[in-house]
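Down below is the structure, laid out as structure tokens.
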Amino acid sequence: MKKRFLINTNVLSYFGLFPLLMLSVVGCANAEQQTTAEWQTIDRYQVKDDLVKDTKTGLMWMRCSLGQKWDGSTCQGKAEQYNFGEKLQVTDYFSRHAHAGYSDWRLPKREELKTLVYCSNGQVGADTDITGRFCNENSAKPAIEKTVFPETVSSGFWSSSPCDAGYACVWGVSFGSGGYTPGDLEYNNFAIRMVRGAE
């Protein structure tokens, strides 16, 4: 007997997940169409529709931030900002529902998310205990390969890595500075880009 999941649309609306549910349904319907497209190489990445494979790390990323939709050439719409509780809801949703034919999406670890940082002028600032290495102030923002990840916001993105013991926070990565940023569990709202292990 197949398990059935009852979805409360009021809860989905409250957490801003109803549009994501619709995007997921559309993604499932288009999964066959996506498999016929060819992967294109951009630097160390391979891209196909709204999917990105990183040949350096072996990870597969959603090309758009959550809240945005791939329109065939770019990410349309606004990247949503989520608090910690909403982050957990989103992570649970995408671990159980297919997007682009895959249902094992998750939040990236801090170090995984940091691999997407790209300093346009090739210069980085000094390492610090809190932020790690970050882009030089003259580097373009957002600090990411914009051809691969278009319309990325220059703000914090959630990771799944908790801060050091004693602090009620989870690490994020800022694509404004390119460094780590601590996300307070109660007060901060960050964007989300999901990841999975590539085949």
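Going by the structure tokens order, chains are called A, B, ..., each with residues numbered from 1, while ligands are numbered from 1 in the order shown.
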
message = If we count only C-alpha atoms and set the cut-off at 6 Å, which residues sit around Gly67 (chain A), ignoring sequence neighbours fewer than 2 positions away in its own chain? Please answer as a PyMOL selection string.
response = chain A and resi 78-80

ask   = So how many Å separate CA of Asp54 (chain A) and CA of Asn121 (chain A), to one decimal?
value =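 Spanning CA of Asp54 (chain A) to CA of Asn121 (chain A) is a straight-line distance of 21.0 Å.
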
What's around region 148-158 of chain A at 8 Å? Count only C-alpha atoms, leave out sequence neighbours fewer than 4 positions away in its own chain, and write the answer as a CSV table (one decimal) with N, CA and C atoms, in the first residue's frame.
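Done, and the output landed in part15.csv:
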chain,number,residue,atom,x,y,z
A,42,ILE,N,30.0,25.5,-18.5
A,42,ILE,CA,30.3,26.9,-18.3
A,42,ILE,C,31.4,26.8,-17.1
A,45,TYR,N,31.3,24.2,-14.3
A,45,TYR,CA,30.0,23.7,-14.2
A,45,TYR,C,29.4,23.1,-15.4
A,47,VAL,N,25.5,22.8,-16.9
A,47,VAL,CA,24.1,23.3,-16.7
A,47,VAL,C,23.1,22.7,-17.7
A,52,VAL,N,22.3,22.5,-12.0
A,52,VAL,CA,23.8,22.8,-12.2
A,52,VAL,C,24.6,21.6,-11.5
A,63,ARG,N,19.5,25.7,-9.8
A,63,ARG,CA,20.1,26.9,-10.4
A,63,ARG,C,19.5,28.2,-9.8
A,64,CYS,N,18.2,28.1,-9.4
A,64,CYS,CA,17.5,29.3,-8.9
A,64,CYS,C,17.4,29.2,-7.4
A,65,SER,N,17.3,30.3,-6.7
A,65,SER,CA,17.0,30.3,-5.3
A,65,SER,C,15.6,30.0,-5.1
A,74,THR,N,16.7,32.4,-17.6
A,74,THR,CA,17.1,33.0,-16.3
A,74,THR,C,16.2,32.7,-15.2
A,75,CYS,N,16.5,33.1,-14.0
A,75,CYS,CA,15.7,32.9,-12.8
A,75,CYS,C,14.7,34.1,-12.7
A,76,GLN,N,13.4,33.8,-12.8
A,76,GLN,CA,12.4,34.9,-12.7
A,76,GLN,C,11.9,34.9,-11.3
A,79,ALA,N,13.8,35.9,-4.9
A,79,ALA,CA,14.3,34.9,-4.0
A,79,ALA,C,13.7,35.1,-2.6
A,87,LYS,N,12.8,27.3,7.3
A,87,LYS,CA,13.9,26.6,6.6
A,87,LYS,C,13.7,25.1,6.9
A,107,LEU,N,19.6,20.9,2.3
A,107,LEU,CA,20.3,22.1,2.5
A,107,LEU,C,21.8,21.8,2.5
A,108,PRO,N,22.6,22.6,1.9
A,108,PRO,CA,24.1,22.4,1.8
A,108,PRO,C,24.7,22.6,3.2
A,141,LYS,N,29.3,42.1,-6.9
A,141,LYS,CA,28.3,41.4,-6.1
A,141,LYS,C,27.1,41.1,-7.0
A,142,PRO,N,26.5,39.9,-6.9
A,142,PRO,CA,26.8,38.9,-5.8
A,142,PRO,C,28.1,38.2,-6.2
A,143,ALA,N,28.7,37.6,-5.1
A,143,ALA,CA,29.9,36.9,-5.2
A,143,ALA,C,29.7,35.4,-5.7
A,144,ILE,N,29.2,35.3,-6.9
A,144,ILE,CA,28.9,33.9,-7.4
A,144,ILE,C,29.0,34.1,-8.9
A,170,VAL,N,22.7,29.0,13.1
A,170,VAL,CA,23.2,28.1,12.0
A,170,VAL,C,24.0,29.0,11.1
A,171,TRP,N,25.0,28.4,10.5
A,171,TRP,CA,25.8,29.2,9.6
A,171,TRP,C,25.1,29.5,8.3
A,172,GLY,N,25.4,30.6,7.7
A,172,GLY,CA,25.0,30.9,6.4
A,172,GLY,C,26.2,31.4,5.6
A,173,VAL,N,26.1,31.6,4.3
A,173,VAL,CA,27.1,32.2,3.5
A,173,VAL,C,26.6,33.4,2.8
A,174,SER,N,27.3,34.5,2.9
A,174,SER,CA,26.8,35.8,2.3
A,174,SER,C,27.4,35.9,0.9
A,175,PHE,N,26.5,36.0,-0.1
A,175,PHE,CA,27.0,36.3,-1.4
A,175,PHE,C,27.2,37.7,-1.7
A,176,GLY,N,27.1,38.5,-0.7
A,176,GLY,CA,27.5,39.9,-0.7
A,176,GLY,C,29.0,40.0,-0.5
A,177,SER,N,29.5,39.4,0.6
A,177,SER,CA,30.9,39.4,0.9
A,177,SER,C,31.7,38.2,0.5
A,181,THR,N,28.4,33.8,7.5
A,181,THR,CA,27.7,34.7,8.3
A,181,THR,C,26.8,33.9,9.3
A,183,GLY,N,23.6,32.8,11.3
A,183,GLY,CA,22.2,33.1,11.2
A,183,GLY,C,21.5,32.8,12.6
A,190,PHE,N,17.2,34.2,5.8
A,190,PHE,CA,18.1,34.0,4.7
A,190,PHE,C,17.4,33.4,3.5
A,191,ALA,N,18.1,33.4,2.3
A,191,ALA,CA,17.6,32.7,1.1
A,191,ALA,C,18.1,31.3,1.2
A,192,ILE,N,17.6,30.5,0.3
A,192,ILE,CA,17.9,29.0,0.3
A,192,ILE,C,18.2,28.6,-1.2
A,193,ARG,N,19.3,27.9,-1.3
A,193,ARG,CA,19.6,27.1,-2.6
A,193,ARG,C,19.8,25.7,-2.2

ask   = What are the DSSP alpha helix (DSSP H) residues of region 62-105 of chain A, as JSON, numbers by chain?
value = {"A": [84, 85, 86, 87, 88, 89, 90, 91, 92, 93, 94, 95, 96]}

message = Give me, as a ChimeraX atom specification, all polymer residues having an atom no more than 8 Å from Val195 (chain A), counting only C-alpha atoms and skipping those fewer than 6 positions away in the same chain.
response = /A:59-62,105-108

Could the residues in this selection be saved with N, CA and C atoms as a PDB file, in the first residue's frame?
ATOM      1  N   LEU A  59      28.691  17.903  -6.760  1.00  0.00           N
ATOM      2  CA  LEU A  59      27.358  18.222  -6.245  1.00  0.00           C
ATOM      3  C   LEU A  59      26.456  18.737  -7.360  1.00  0.00           C
ATOM      4  N   MET A  60      25.156  18.541  -7.204  1.00  0.00           N
ATOM      5  CA  MET A  60      24.158  19.107  -8.107  1.00  0.00           C
ATOM      6  C   MET A  60      23.361  20.155  -7.339  1.00  0.00           C
ATOM      7  N   TRP A  61      23.190  21.319  -7.946  1.00  0.00           N
ATOM      8  CA  TRP A  61      22.501  22.439  -7.314  1.00  0.00           C
ATOM      9  C   TRP A  61      21.260  22.833  -8.093  1.00  0.00           C
ATOM     10  N   MET A  62      20.278  23.385  -7.376  1.00  0.00           N
ATOM     11  CA  MET A  62      19.189  24.085  -8.046  1.00  0.00           C
ATOM     12  C   MET A  62      19.772  25.398  -8.565  1.00  0.00           C
ATOM     13  N   TRP A 105      16.770  16.326  -2.393  1.00  0.00           N
ATOM     14  CA  TRP A 105      17.348  17.648  -2.181  1.00  0.00           C
ATOM     15  C   TRP A 105      17.507  17.921  -0.693  1.00  0.00           C
ATOM     16  N   ARG A 106      18.517  18.697  -0.339  1.00  0.00           N
ATOM     17  CA  ARG A 106      18.792  19.028   1.059  1.00  0.00           C
ATOM     18  C   ARG A 106      19.451  20.402   1.117  1.00  0.00           C
ATOM     19  N   LEU A 107      19.556  20.923   2.349  1.00  0.00           N
ATOM     20  CA  LEU A 107      20.340  22.143   2.548  1.00  0.00           C
ATOM     21  C   LEU A 107      21.817  21.790   2.472  1.00  0.00           C
ATOM     22  N   PRO A 108      22.620  22.649   1.872  1.00  0.00           N
ATOM     23  CA  PRO A 108      24.053  22.354   1.804  1.00  0.00           C
ATOM     24  C   PRO A 108      24.734  22.576   3.152  1.00  0.00           C
TER      25      PRO A 108
END

message = I'd like to know which of A:Cys163, A:Cys135, A:Leu185, A:Leu51 is closest to Val117 (chain A), using only C-alpha atoms.
response =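 The closest residue to Val117 (chain A) is A:Cys135.
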
request  = Find the spatial neighbours of Gly72 (chain A), counting only C-alpha atoms, within a cut-off of 10 Å - ignore same-chain residues fewer than 4 positions away - and output them as a list in words.
outcome  =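 Returned residues: Lys48, Asp49, Asp50 and Gln76 of chain A.
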
I need the chosen residues saved as a PDB file, in the first residue's frame, with C-alpha atoms.
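Saved as again18.pdb:
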ATOM      1  CA  LYS A  48      20.828  21.982 -18.042  1.00  0.00           C
ATOM      2  CA  ASP A  49      17.648  23.978 -17.562  1.00  0.00           C
ATOM      3  CA  ASP A  50      17.371  24.694 -13.815  1.00  0.00           C
ATOM      4  CA  GLN A  76      12.435  34.868 -12.665  1.00  0.00           C
TER       5      GLN A  76
END

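If you look at CA of Cys119 (chain A) and CA of Asn136 (chain A), they are 7.5 Å away from each other.
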
query = Smallest atom-to-atom distance to Thr115 (chain A): which of A:Tyr82, A:Tyr187, A:Trp70, A:Tyr180, using only C-alpha atoms?
reply = A:Tyr180

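The coordinates place CA of Ser103 (chain A) at 9.0 Å from CA of Arg196 (chain A).
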